[in-house]
$ cat start-v2.cif   # mmCIF, C-alpha atoms
data_final
loop_
_atom_site.label_atom_id
_atom_site.label_comp_id
_atom_site.auth_asym_id
_atom_site.auth_seq_id
_atom_site.Cartn_x
_atom_site.Cartn_y
_atom_site.Cartn_z
CA MET M 1 7.48 -3.18 -14.34
CA LYS M 2 10.70 -2.69 -12.36
CA THR M 3 12.03 -0.27 -15.00
CA THR M 4 8.81 1.74 -14.99
CA LEU M 5 8.64 1.98 -11.20
CA LEU M 6 12.33 2.82 -10.96
CA GLY M 7 11.86 5.68 -13.40
CA ILE M 8 8.94 7.02 -11.35
CA ALA M 9 10.91 6.69 -8.11
CA ASN M 10 13.93 8.49 -9.56
CA LYS M 11 11.79 11.35 -10.85
CA ALA M 12 9.99 11.65 -7.51
CA SER M 13 13.31 11.76 -5.66
CA LEU M 14 14.98 14.29 -7.96
CA ASP M 15 12.02 16.67 -8.18
CA PRO M 16 9.81 16.73 -5.03
CA SER M 17 7.44 19.24 -6.65
CA TYR M 18 6.88 17.26 -9.85
CA ARG M 19 3.26 16.23 -10.62
CA PHE M 20 3.03 12.91 -12.39
CA ARG M 21 0.92 12.55 -15.52
CA ASN M 22 -0.24 9.54 -17.56
CA LEU M 23 0.02 7.10 -14.67
CA PHE M 24 -3.25 5.71 -15.97
CA GLY M 25 -1.40 4.57 -19.10
CA ILE M 26 0.91 2.34 -17.05
CA LEU M 27 -2.01 0.04 -16.17
CA THR M 28 -1.41 -2.38 -19.03
CA ILE M 29 -1.96 -6.13 -19.26
CA GLY M 30 1.77 -6.74 -18.78
CA PHE M 31 1.90 -4.51 -15.69
CA LEU M 32 -1.13 -6.21 -14.13
CA MET M 33 0.34 -9.61 -14.97
CA GLU M 34 3.41 -8.69 -12.93
CA CYS M 35 1.23 -7.41 -10.09
CA TRP M 36 -0.66 -10.70 -10.06
CA ARG M 37 2.45 -12.33 -8.58
CA PHE M 38 1.94 -10.30 -5.41
CA ILE M 39 -1.65 -11.46 -4.87
CA ASN M 40 -2.00 -14.00 -2.09
CA PRO M 41 -3.21 -17.23 -3.78
CA LYS M 42 -5.13 -18.05 -0.60
CA ALA M 43 -6.77 -14.63 -0.35
CA ALA M 44 -10.42 -14.62 0.72
CA ALA M 45 -13.00 -14.29 -2.04
CA GLY M 46 -15.02 -11.08 -2.34
CA VAL M 47 -18.71 -10.60 -3.03
CA ASP M 48 -18.48 -12.47 -6.35
CA ARG M 49 -17.21 -15.57 -4.45
CA LEU M 50 -14.42 -15.91 -7.02
CA THR M 51 -11.19 -17.17 -5.45
CA ALA M 52 -7.69 -16.25 -6.61
CA ARG M 53 -7.15 -19.80 -7.87
CA GLU M 54 -10.30 -19.66 -10.00
CA TYR M 55 -9.42 -16.20 -11.32
CA GLY M 56 -5.91 -17.37 -12.19
CA MET M 57 -7.16 -20.35 -14.21
CA ASN M 58 -8.09 -17.93 -17.00
CA LEU M 59 -5.76 -15.12 -16.03
CA LEU M 60 -4.90 -13.61 -19.41
CA GLU M 61 -8.52 -13.30 -20.52
CA ASN M 62 -9.58 -11.92 -17.14
CA LEU M 63 -6.82 -9.30 -17.11
CA THR M 64 -7.50 -8.37 -20.74
CA ASN M 65 -11.16 -7.72 -19.93
CA LEU M 66 -10.17 -5.78 -16.80
CA VAL M 67 -7.74 -3.53 -18.69
CA GLU M 68 -10.28 -2.89 -21.46
CA THR M 69 -12.92 -1.73 -18.98
CA VAL M 70 -10.37 0.43 -17.15
CA LYS M 71 -9.12 2.10 -20.36
CA ALA M 72 -12.68 2.69 -21.51
CA GLU M 73 -13.36 4.28 -18.11
CA SER M 74 -16.30 1.91 -17.68
CA TYR M 75 -14.68 0.06 -14.77
CA ARG M 76 -16.89 -0.23 -11.70
CA SER M 77 -15.50 -1.84 -8.59
CA LYS M 78 -17.61 -4.50 -6.90
CA TRP M 79 -18.96 -4.05 -3.41
CA VAL M 80 -16.51 -4.67 -0.60
CA LEU M 81 -17.43 -7.68 1.52
CA ARG M 82 -17.47 -6.81 5.23
CA LYS M 83 -16.07 -9.21 7.79
CA TYR M 84 -15.43 -8.74 11.50
CA ILE M 85 -12.57 -10.10 13.60
CA PRO M 86 -12.37 -9.89 17.42
CA LYS M 87 -10.10 -7.31 19.05
CA LEU M 88 -8.28 -7.57 22.38
CA ASN M 89 -10.86 -5.42 24.19
CA GLY M 90 -13.76 -7.67 23.17
CA LYS M 91 -14.88 -5.38 20.34
CA LEU M 92 -14.89 -6.30 16.67
CA ARG M 93 -12.53 -4.91 14.03
CA PRO M 94 -14.18 -4.40 10.61
CA LEU M 95 -12.32 -5.65 7.55
CA GLY M 96 -13.13 -5.03 3.91
CA ILE M 97 -12.53 -7.78 1.35
CA PRO M 98 -12.50 -6.59 -2.30
CA ALA M 99 -13.13 -8.89 -5.25
CA ILE M 100 -10.05 -10.51 -6.82
CA ALA M 101 -10.14 -8.30 -9.94
CA ASP M 102 -10.25 -5.20 -7.75
CA LYS M 103 -7.33 -6.55 -5.71
CA VAL M 104 -5.17 -6.89 -8.82
CA LEU M 105 -5.92 -3.35 -9.92
CA GLN M 106 -5.40 -2.01 -6.40
CA MET M 107 -2.04 -3.79 -6.26
CA ALA M 108 -0.97 -2.04 -9.47
CA VAL M 109 -2.01 1.37 -8.14
CA THR M 110 -0.29 0.60 -4.82
CA LYS M 111 3.01 -0.16 -6.57
CA ILE M 112 2.82 3.15 -8.46
CA LEU M 113 2.00 5.13 -5.30
CA GLU M 114 4.86 3.47 -3.42
CA ALA M 115 7.28 4.48 -6.19
CA ILE M 116 6.13 8.10 -5.95
CA TYR M 117 5.96 8.50 -2.19
CA GLU M 118 8.72 6.27 -0.83
CA ALA M 119 11.28 9.01 -1.46
CA GLU M 120 9.04 11.50 0.34
CA PHE M 121 8.29 9.44 3.45
CA LEU M 122 10.42 10.27 6.48
CA PRO M 123 12.64 7.89 8.49
CA CYS M 124 10.24 8.15 11.46
CA SER M 125 7.59 6.22 9.50
CA TYR M 126 7.73 2.40 9.63
CA GLY M 127 4.29 1.03 8.76
CA TYR M 128 3.39 -0.34 5.32
CA ARG M 129 6.77 0.37 3.78
CA PRO M 130 9.18 -1.92 1.92
CA ARG M 131 11.88 -3.50 4.10
CA ARG M 132 10.49 -1.87 7.25
CA GLY M 133 8.33 -3.36 9.94
CA ALA M 134 7.06 -3.16 13.50
CA LEU M 135 10.19 -4.70 15.00
CA ASP M 136 12.32 -2.07 13.26
CA ALA M 137 10.21 0.63 14.91
CA VAL M 138 10.53 -1.01 18.36
CA ARG M 139 14.29 -1.44 17.93
CA ASP M 140 14.96 2.12 16.78
CA ALA M 141 12.61 3.67 19.34
CA SER M 142 14.17 1.79 22.26
CA ARG M 143 17.74 2.60 21.16
CA THR M 144 16.94 6.28 20.57
CA LEU M 145 15.22 6.66 23.93
CA GLN M 146 18.10 4.92 25.67
CA ASN M 147 20.86 6.98 24.08
CA GLY M 148 19.14 10.34 23.67
CA GLU M 149 18.45 13.13 26.15
CA TYR M 150 14.71 12.51 26.36
CA HIS M 151 12.83 12.72 29.66
CA PHE M 152 9.14 13.02 28.72
CA LEU M 153 7.05 11.03 26.33
CA VAL M 154 3.62 11.22 24.70
CA GLU M 155 2.13 7.91 23.58
CA ALA M 156 -0.99 8.13 21.44
CA ASP M 157 -3.39 6.22 19.24
CA ILE M 158 -5.95 7.51 16.75
CA GLN M 159 -9.55 6.50 17.34
CA GLY M 160 -10.84 4.36 14.44
CA PHE M 161 -8.33 5.84 12.04
CA PHE M 162 -9.20 3.80 8.95
CA ASP M 163 -12.89 4.62 9.40
CA HIS M 164 -12.39 8.39 9.53
CA ILE M 165 -10.01 9.32 6.72
CA ASP M 166 -11.43 12.42 5.02
CA HIS M 167 -11.86 11.55 1.34
CA GLU M 168 -11.66 15.09 0.04
CA LYS M 169 -8.53 15.92 2.02
CA LEU M 170 -6.86 12.66 0.98
CA LEU M 171 -7.58 13.28 -2.70
CA ALA M 172 -6.30 16.86 -2.36
CA ILE M 173 -3.05 15.56 -0.87
CA LEU M 174 -2.69 13.07 -3.73
CA ALA M 175 -3.41 15.77 -6.32
CA GLU M 176 -0.32 17.69 -5.16
CA ARG M 177 1.87 14.95 -6.70
CA ILE M 178 -0.48 13.40 -9.28
CA ASP M 179 -1.93 15.30 -12.22
CA ASP M 180 -3.90 12.42 -13.72
CA ARG M 181 -7.69 12.62 -13.42
CA PRO M 182 -8.50 9.01 -14.47
CA PHE M 183 -5.86 7.63 -12.07
CA LEU M 184 -7.21 9.66 -9.15
CA GLY M 185 -10.70 8.64 -10.25
CA LEU M 186 -9.84 4.99 -9.61
CA ILE M 187 -8.80 5.80 -6.04
CA GLN M 188 -11.91 7.91 -5.48
CA ARG M 189 -14.07 5.08 -6.79
CA TRP M 190 -12.55 2.62 -4.30
CA LEU M 191 -13.05 5.06 -1.43
CA LYS M 192 -16.73 5.42 -2.35
CA THR M 193 -17.38 1.73 -3.12
CA GLY M 194 -20.36 0.30 -1.25
CA ILE M 195 -19.72 -2.06 1.66
CA LEU M 196 -21.86 -5.19 1.89
CA GLU M 197 -22.52 -5.77 5.59
CA THR M 198 -23.04 -9.19 7.15
CA ASP M 199 -26.79 -8.49 7.49
CA GLY M 200 -27.15 -7.74 3.76
CA ARG M 201 -27.19 -3.95 4.00
CA VAL M 202 -25.03 -1.93 1.59
CA ILE M 203 -23.34 1.09 3.14
CA LEU M 204 -22.03 3.91 0.97
CA PRO M 205 -19.09 5.37 2.94
CA GLU M 206 -18.77 9.13 3.42
CA GLU M 207 -15.30 8.76 4.95
CA GLY M 208 -12.67 6.14 5.72
CA SER M 209 -10.91 3.42 3.79
CA PRO M 210 -11.88 -0.22 4.45
CA GLN M 211 -9.20 -2.15 6.31
CA GLY M 212 -8.33 -5.17 4.20
CA GLY M 213 -8.17 -3.37 0.87
CA ILE M 214 -4.74 -3.63 -0.75
CA VAL M 215 -4.57 0.09 -1.53
CA SER M 216 -5.71 1.16 1.96
CA PRO M 217 -2.31 0.94 3.74
CA ILE M 218 -0.44 3.16 1.29
CA LEU M 219 -3.29 5.69 1.28
CA ALA M 220 -3.24 5.70 5.10
CA ASN M 221 0.51 6.26 5.11
CA ILE M 222 0.24 9.15 2.65
CA TYR M 223 -2.47 10.72 4.81
CA LEU M 224 -0.57 10.38 8.09
CA HIS M 225 2.65 11.55 6.43
CA ARG M 226 0.95 14.89 5.93
CA VAL M 227 -1.04 14.93 9.16
CA LEU M 228 1.75 13.88 11.56
CA ASP M 229 5.20 13.18 10.11
CA GLN M 230 5.73 16.41 8.16
CA TRP M 231 4.03 18.49 10.82
CA PHE M 232 6.26 17.13 13.58
CA GLU M 233 9.44 17.49 11.53
CA GLU M 234 8.75 20.97 10.18
CA GLU M 235 6.67 22.67 12.88
CA VAL M 236 6.79 20.83 16.21
CA LYS M 237 10.59 20.50 16.30
CA SER M 238 11.10 24.13 15.33
CA HIS M 239 9.03 25.26 18.35
CA CYS M 240 10.80 22.99 20.86
CA ARG M 241 13.42 24.36 23.25
CA GLY M 242 15.16 20.97 23.40
CA THR M 243 15.48 17.86 21.28
CA ALA M 244 12.42 15.92 20.12
CA TYR M 245 11.88 12.48 18.58
CA PHE M 246 8.93 10.94 16.74
CA CYS M 247 8.28 7.31 15.77
CA ARG M 248 5.14 6.06 14.01
CA TYR M 249 3.94 2.68 12.83
CA ALA M 250 0.59 3.03 11.02
CA ASP M 251 -1.63 4.94 13.49
CA ASP M 252 0.40 4.00 16.61
CA PHE M 253 3.05 6.55 17.51
CA VAL M 254 5.20 7.94 20.32
CA ALA M 255 6.85 11.34 20.68
CA ALA M 256 9.70 12.00 23.10
CA PHE M 257 10.97 15.36 24.36
CA GLN M 258 13.87 16.70 26.35
CA TYR M 259 11.75 19.22 28.27
CA GLU M 260 8.35 18.81 29.89
CA THR M 261 7.09 22.13 28.50
CA ASP M 262 7.67 20.90 24.94
CA ALA M 263 5.90 17.61 25.68
CA GLN M 264 2.98 19.42 27.31
CA ARG M 265 2.57 21.78 24.36
CA PHE M 266 2.60 18.87 21.90
CA TYR M 267 0.09 16.97 24.03
CA GLU M 268 -2.27 19.97 24.04
CA VAL M 269 -2.13 20.74 20.31
CA LEU M 270 -2.10 17.13 19.02
CA GLY M 271 -5.88 16.75 19.23
CA LYS M 272 -6.42 20.03 17.38
CA ARG M 273 -4.02 18.97 14.63
CA LEU M 274 -5.82 15.68 14.11
CA GLY M 275 -9.20 17.43 14.24
CA LYS M 276 -8.25 19.53 11.19
CA TYR M 277 -8.14 16.26 9.23
CA GLY M 278 -11.27 14.67 10.70
CA LEU M 279 -9.43 12.48 13.21
CA THR M 280 -9.67 12.12 16.99
CA LEU M 281 -7.39 10.69 19.67
CA ALA M 282 -8.24 7.50 21.54
CA ALA M 283 -8.36 8.98 25.05
CA GLU M 284 -7.68 5.68 26.81
CA LYS M 285 -4.46 5.17 24.81
CA THR M 286 -3.12 8.73 24.91
CA ARG M 287 -1.11 10.15 27.81
CA LEU M 288 1.89 12.23 28.82
CA LEU M 289 4.40 10.41 31.02
CA ARG M 290 7.88 10.69 32.45
CA PHE M 291 10.45 8.41 30.82
CA SER M 292 13.98 9.38 31.80
CA ARG M 293 17.21 7.47 32.31
CA ASN M 294 18.11 10.07 34.95
CA ASP M 295 15.00 9.30 37.01
CA ARG M 296 14.27 5.61 36.49
CA ARG M 297 12.38 5.20 39.76
CA ASN M 298 9.73 7.75 38.79
CA SER M 299 9.58 6.79 35.12
CA GLU M 300 6.54 4.95 33.82
CA ALA M 301 6.36 2.06 31.39
CA PHE M 302 4.51 2.44 28.09
CA GLU M 303 3.24 0.11 25.40
CA PHE M 304 4.30 0.24 21.78
CA LEU M 305 3.47 -2.32 19.09
CA GLY M 306 2.83 -5.19 21.50
CA PHE M 307 5.79 -4.50 23.80
CA GLU M 308 6.01 -2.81 27.17
CA LEU M 309 9.08 -0.56 27.32
CA HIS M 310 10.50 0.37 30.72
CA TRP M 311 13.77 1.45 32.30
CA GLY M 312 16.01 -1.15 33.91
CA LEU M 313 19.68 -1.96 34.42
CA SER M 314 21.94 -3.82 32.04
CA ARG M 315 24.35 -6.54 33.18
CA TRP M 316 26.93 -3.78 33.56
CA ARG M 317 24.55 -1.89 35.89
CA LYS M 318 23.96 0.84 33.33
CA PRO M 319 20.47 2.28 32.64
CA CYS M 320 18.86 0.66 29.60
CA VAL M 321 15.44 0.43 27.99
CA LYS M 322 14.06 -3.06 28.53
CA LYS M 323 11.31 -4.71 26.53
CA ARG M 324 8.80 -7.39 27.45
CA THR M 325 5.57 -8.61 25.94
CA ALA M 326 2.73 -6.28 26.92
CA THR M 327 0.48 -8.04 29.44
CA ARG M 328 -2.72 -7.59 27.45
CA LYS M 329 -1.04 -8.87 24.29
CA TYR M 330 0.36 -11.86 26.21
CA ARG M 331 -3.06 -12.77 27.60
CA ALA M 332 -4.77 -12.23 24.26
CA ALA M 333 -2.25 -14.46 22.47
CA LEU M 334 -2.83 -17.26 25.00
CA ALA M 335 -6.60 -16.87 24.71
CA ASN M 336 -6.45 -17.02 20.91
CA LEU M 337 -4.16 -20.05 21.04
CA LYS M 338 -6.54 -21.82 23.41
CA VAL M 339 -9.48 -21.23 21.06
CA TRP M 340 -7.43 -22.55 18.13
CA MET M 341 -6.43 -25.68 20.08
CA ARG M 342 -10.04 -26.44 20.97
CA GLU M 343 -11.23 -25.99 17.40
CA ASN M 344 -8.43 -28.07 15.85
CA SER M 345 -7.65 -30.78 18.41
CA HIS M 346 -9.68 -33.30 16.35
CA ARG M 347 -7.22 -33.04 13.44
CA PRO M 348 -4.61 -35.75 12.82
CA LYS M 349 -1.78 -35.29 15.30
CA ARG M 350 0.91 -34.71 12.68
CA GLU M 351 -1.09 -31.92 11.04
CA PHE M 352 -2.16 -30.42 14.38
CA PHE M 353 1.35 -30.32 15.81
CA ALA M 354 2.83 -28.94 12.59
CA GLN M 355 0.43 -25.99 12.72
CA LEU M 356 0.98 -25.50 16.45
CA ALA M 357 4.74 -25.46 15.89
CA ALA M 358 4.32 -22.80 13.18
CA LYS M 359 2.27 -20.65 15.56
CA LEU M 360 4.89 -20.93 18.30
CA ARG M 361 7.72 -20.08 15.90
CA GLY M 362 5.78 -17.04 14.71
CA TYR M 363 5.31 -15.90 18.30
CA TYR M 364 9.03 -16.27 19.09
CA GLN M 365 9.95 -14.55 15.81
CA TYR M 366 8.11 -11.40 16.88
CA TYR M 367 8.48 -11.35 20.66
CA GLY M 368 11.87 -13.07 20.89
CA VAL M 369 13.86 -9.92 21.61
CA ARG M 370 16.73 -9.58 24.06
CA GLY M 371 15.48 -9.40 27.66
CA ASN M 372 12.09 -10.98 26.91
CA TYR M 373 13.05 -14.64 27.33
CA GLU M 374 11.13 -14.97 30.59
CA ARG M 375 7.85 -13.90 28.97
CA ILE M 376 8.16 -16.11 25.89
CA SER M 377 9.29 -19.03 28.07
CA ASP M 378 6.21 -18.58 30.24
CA PHE M 379 4.08 -18.44 27.10
CA PHE M 380 5.48 -21.83 26.04
CA TYR M 381 4.81 -23.28 29.51
CA GLN M 382 1.21 -22.04 29.56
CA ALA M 383 0.67 -23.31 26.01
CA LYS M 384 1.79 -26.80 27.10
CA ARG M 385 -0.58 -26.72 30.09
CA MET M 386 -3.51 -25.76 27.89
CA LEU M 387 -2.61 -28.43 25.36
CA TYR M 388 -2.44 -31.10 28.09
CA GLN M 389 -5.92 -30.17 29.33
CA ILE M 390 -7.48 -29.97 25.86
CA LEU M 391 -6.07 -33.30 24.65
CA ASN M 392 -7.39 -35.00 27.77
CA ARG M 393 -10.90 -33.61 27.20
CA ARG M 394 -11.33 -35.07 23.73
CA SER M 395 -12.95 -38.20 25.17
CA GLN M 396 -14.45 -39.42 28.43
CA ARG M 397 -11.24 -41.27 29.28
CA LYS M 398 -8.04 -39.45 30.08
CA SER M 399 -5.78 -39.77 27.03
CA TYR M 400 -2.40 -38.89 28.58
CA ASN M 401 -0.70 -38.76 31.93
CA TRP M 402 2.07 -36.18 32.25
CA LYS M 403 4.82 -38.68 31.38
CA GLY M 404 3.03 -39.75 28.21
CA PHE M 405 2.32 -36.14 27.31
CA VAL M 406 6.02 -35.21 27.62
CA ALA M 407 6.89 -38.17 25.38
CA LEU M 408 4.33 -36.90 22.84
CA LEU M 409 5.94 -33.45 22.83
CA ASP M 410 9.38 -34.98 22.42
CA TYR M 411 8.17 -37.00 19.45
CA PHE M 412 6.65 -34.04 17.60
CA LYS M 413 9.43 -31.69 18.74
CA LEU M 414 7.58 -28.47 19.47
CA PRO M 415 9.97 -25.51 19.10
CA ARG M 416 11.26 -24.22 22.41
CA PRO M 417 11.50 -20.49 23.23
CA ARG M 418 14.47 -18.68 21.76
CA ILE M 419 15.70 -15.12 21.31
CA CYS M 420 15.57 -14.22 17.61
CA HIS M 421 16.59 -10.55 17.76
CA ASP M 422 19.61 -9.03 19.47
CA PHE M 423 18.12 -5.71 20.53
#

$ encode --input "start-v2.cif" --output "structure tokens"
Amino acid sequence: MKTTLLGIANKASLDPSYRFRNLFGILTIGFLMECWRFINPKAAAGVDRLTAREYGMNLLENLTNLVETVKAESYRSKWVLRKYIPKLNGKLRPLGIPAIADKVLQMAVTKILEAIYEAEFLPCSYGYRPRRGALDAVRDASRTLQNGEYHFLVEADIQGFFDHIDHEKLLAILAERIDDRPFLGLIQRWLKTGILETDGRVILPEEGSPQGGIVSPILANIYLHRVLDQWFEEEVKSHCRGTAYFCRYADDFVAAFQYETDAQRFYEVLGKRLGKYGLTLAAEKTRLLRFSRNDRRNSEAFEFLGFELHWGLSRWRKPCVKKRTATRKYRAALANLKVWMRENSHRPKREFFAQLAAKLRGYYQYYGVRGNYERISDFFYQAKRMLYQILNRRSQRKSYNWKGFVALLDYFKLPRPRICHDF
């Protein structure tokens, strides 16, 4: 598989206009067997209620049958199971859960698409890419804003992006690099697959790509590469009087400009650009603001990927971009942790504290950036207070006084706050 993908990647890099053929032929039993290694063994079951463990018990036969139906072009994807998870604003985020067989095939197609498009994606794009993540975007954005001559910034978010991807436009974009009808047919089939709602209704989507599908992230990245990244690099920058900078992670992005006129023009045309591709801006998350090292007092803070970025002074009294956990993310994380504690406080203490420690380490691993120690330290303090209250409500009698509670924490050694990233 590595040799095949490397050959595709090399060809894509050497010839940006090349259209790939016979990608459908790569979907062999051996290729899918390699892709199986990337499937989460604890992944949720789809509409057929078949778990990854059960599918893997007879893996060779299952993959053989899958490949035969795909090659015969008789493959039909199963309905996508709809689930909802709560968002920070109290709304629900829809997720789509494909069946395990569909996940394996989507993983194979994803690997092929990544090999084709990774050479085409621009450095400003961070979401859903190998060896790149949200913290990389935060680090590079903060350093660029601190060291560059940028004074105005547009922060934006796309309203319900995954629900409004235009199928026809997406397939047309893919067809510019892929000349393989059966391969594109697989992607089209997944885009049109019915969604089984929680009330039993089946919805046939006219647009969008269900969040939760393995192939959805790479398709979203390909779409936004055309809609935003290329447009900004080739057109927006060429019409700017001064320097301009763009940073995007999935559908969250910021654009910085040297001059206010350039920022204002981008702010005015951004909605029109998105509208050409069936997308709209989230008005409550889109604004033009001043963000200048030369005018720190009048500069505003902005949120990006869970952090609030603002101007401050370094220990050497030099202007620097500081980062702290965004207030709404901080409160949401505490609220989610409190719910988890209540629902799991009945578990054996060793198991409960092991999971709690893992959650705290995960929080520090993301938010433990230089300058944010106060926020993560306060998070740890509030988590201990909540834990003390919840443990003492498990029965009619008070289980712990504060001294006994501290001894309990010392015994199970909950991880203390620490800075994990030096940026």

$ resolve_selection --input "start-v2.cif" --expression "the PyMOL selection byres ((chain M and resi 153) around 6)" --output "ChimeraX atom specification"
/M:152,154,255-256,288-289

$ atom_distance --input "start-v2.cif" --atom1 "CA of Asn298 in chain M" --atom2 "CA of Val321 in chain M"
14.2 Å

$ closest_residue --input "start-v2.cif" --among "M:Gly160, M:Pro130, M:Gly185, M:Gly306" --to "Tyr367 in chain M" --atoms "only C-alpha atoms"
M:Gly306

$ residues_around --input "start-v2.cif" --residues "Gly275 in chain M" --least-positions-apart "4" --cutoff "12 Å" --atoms "all atoms listed in the file" --output "JSON, numbers by chain"
{"M": [158, 159, 161, 164, 165, 166, 227, 228, 269, 270, 271, 279, 280, 281]}

$ write_last_selection --input "start-v2.cif" --atoms "C-alpha atoms" --output "PDB file, keeping the file's coordinate frame"
ATOM      1  CA  ILE M 158      -5.950   7.510  16.750  1.00  0.00           C
ATOM      2  CA  GLN M 159      -9.550   6.500  17.340  1.00  0.00           C
ATOM      3  CA  PHE M 161      -8.330   5.840  12.040  1.00  0.00           C
ATOM      4  CA  HIS M 164     -12.390   8.390   9.530  1.00  0.00           C
ATOM      5  CA  ILE M 165     -10.010   9.320   6.720  1.00  0.00           C
ATOM      6  CA  ASP M 166     -11.430  12.420   5.020  1.00  0.00           C
ATOM      7  CA  VAL M 227      -1.040  14.930   9.160  1.00  0.00           C
ATOM      8  CA  LEU M 228       1.750  13.880  11.560  1.00  0.00           C
ATOM      9  CA  VAL M 269      -2.130  20.740  20.310  1.00  0.00           C
ATOM     10  CA  LEU M 270      -2.100  17.130  19.020  1.00  0.00           C
ATOM     11  CA  GLY M 271      -5.880  16.750  19.230  1.00  0.00           C
ATOM     12  CA  LEU M 279      -9.430  12.480  13.210  1.00  0.00           C
ATOM     13  CA  THR M 280      -9.670  12.120  16.990  1.00  0.00           C
ATOM     14  CA  LEU M 281      -7.390  10.690  19.670  1.00  0.00           C
TER      15      LEU M 281
END

$ atom_distance --input "start-v2.cif" --atom1 "CA of Leu23 in chain M" --atom2 "CA of Lys11 in chain M"
13.1 Å

$ resolve_selection --input "start-v2.cif" --expression "the PyMOL selection byres ((chain M and resi 41) around 7)" --output "mmCIF file with C-alpha atoms, in the coordinates of the input"
data_model
loop_
_atom_site.group_PDB
_atom_site.id
_atom_site.type_symbol
_atom_site.label_atom_id
_atom_site.label_comp_id
_atom_site.auth_asym_id
_atom_site.auth_seq_id
_atom_site.Cartn_x
_atom_site.Cartn_y
_atom_site.Cartn_z
ATOM 1 C CA ILE M 39 -1.650 -11.460 -4.870
ATOM 2 C CA ASN M 40 -2.000 -14.000 -2.090
ATOM 3 C CA LYS M 42 -5.130 -18.050 -0.600
ATOM 4 C CA ALA M 43 -6.770 -14.630 -0.350
ATOM 5 C CA ALA M 52 -7.690 -16.250 -6.610
ATOM 6 C CA ARG M 53 -7.150 -19.800 -7.870
#

$ atom_distance --input "start-v2.cif" --atom1 "CA of Gly127 in chain M" --atom2 "CA of Arg82 in chain M"
23.4 Å

$ resolve_selection --input "start-v2.cif" --expression "the PyMOL selection byres ((chain M and resi 111) around 10)" --output "PyMOL selection string"
chain M and resi 1-2+5+35+106-110+112-116+215+218

$ closest_residue --input "start-v2.cif" --among "M:Ser299, M:Ser13, M:Thr198, M:Thr193" --to "Pro210 in chain M" --atoms "all atoms listed in the file"
M:Thr193

$ closest_residue --input "start-v2.cif" --among "M:Arg21, M:Arg418, M:Arg201, M:Lys338" --to "Asp180 in chain M" --atoms "only C-alpha atoms"
M:Arg21

$ closest_residue --input "start-v2.cif" --among "M:Leu184, M:Leu191, M:Cys124, M:Leu356" --to "Arg342 in chain M" --atoms "all atoms listed in the file"
M:Leu356

$ closest_residue --input "start-v2.cif" --among "M:Ala156, M:Ala172, M:Cys320, M:Ala407" --to "Cys247 in chain M" --atoms "only C-alpha atoms"
M:Ala156

$ residues_around --input "start-v2.cif" --residues "Ile222 in chain M" --least-positions-apart "2" --cutoff "9 Å" --atoms "all atoms listed in the file" --output "PyMOL selection string"
chain M and resi 117+121+170+173-174+217-220+224-227

$ closest_residue --input "start-v2.cif" --among "M:Gly7, M:Gly371, M:Pro98, M:Gly194" --to "Leu309 in chain M" --atoms "all atoms listed in the file"
M:Gly371

$ residues_around --input "start-v2.cif" --residues "Arg361 in chain M" --least-positions-apart "5" --cutoff "10 Å" --atoms "all atoms listed in the file" --output "list in words"
Gln355, Leu356, Tyr366, Tyr367, Gly368, Leu414, Pro415, Arg416, Pro417, Arg418 and Cys420 of chain M

$ residues_around --input "start-v2.cif" --residues "Leu27 in chain M" --least-positions-apart "3" --cutoff "9 Å" --atoms "all atoms listed in the file" --output "NGL selection string"
:M and (23-24 or 30-32 or 67 or 70-71 or 105 or 108-109)

$ residues_around --input "start-v2.cif" --residues "Leu63 in chain M" --least-positions-apart "3" --cutoff "10 Å" --atoms "all atoms listed in the file" --output "PyMOL selection string"
chain M and resi 28-30+32-33+36+55-56+58-60+66-69+101+104-105

$ residues_near_point --input "start-v2.cif" --point "(12.6, 8.9, 22.5)" --cutoff "8 Å" --atoms "all atoms listed in the file" --output "PyMOL selection string"
chain M and resi 141-142+144-146+148+150+153+244-246+254-257

$ residues_near_point --input "start-v2.cif" --point "(-8.7, -11.1, 10.9)" --cutoff "9 Å" --atoms "all atoms listed in the file" --output "PyMOL selection string"
chain M and resi 83-86+93-95+212

$ decode --input "start-v2.cif" --residues "range 10-14 of chain M" --atoms "N, CA, C and O atoms" --output "compact mmCIF listing (two decimals), in the first residue's frame"
# COMPACT_ATOMS: atom_id res chain seq x y z
N ASN M 10 3.86 11.01 -5.75
CA ASN M 10 4.93 11.53 -6.59
C ASN M 10 4.39 12.06 -7.92
O ASN M 10 4.80 13.12 -8.40
N LYS M 11 3.46 11.32 -8.51
CA LYS M 11 2.88 11.75 -9.77
C LYS M 11 2.08 13.03 -9.59
O LYS M 11 2.15 13.95 -10.43
N ALA M 12 1.33 13.12 -8.49
CA ALA M 12 0.54 14.32 -8.22
C ALA M 12 1.42 15.54 -8.02
O ALA M 12 1.09 16.66 -8.43
N SER M 13 2.58 15.32 -7.37
CA SER M 13 3.49 16.43 -7.10
C SER M 13 4.22 16.89 -8.36
O SER M 13 4.39 18.09 -8.58
N LEU M 14 4.60 15.94 -9.21
CA LEU M 14 5.38 16.28 -10.40
C LEU M 14 4.52 16.88 -11.50
O LEU M 14 5.00 17.70 -12.29
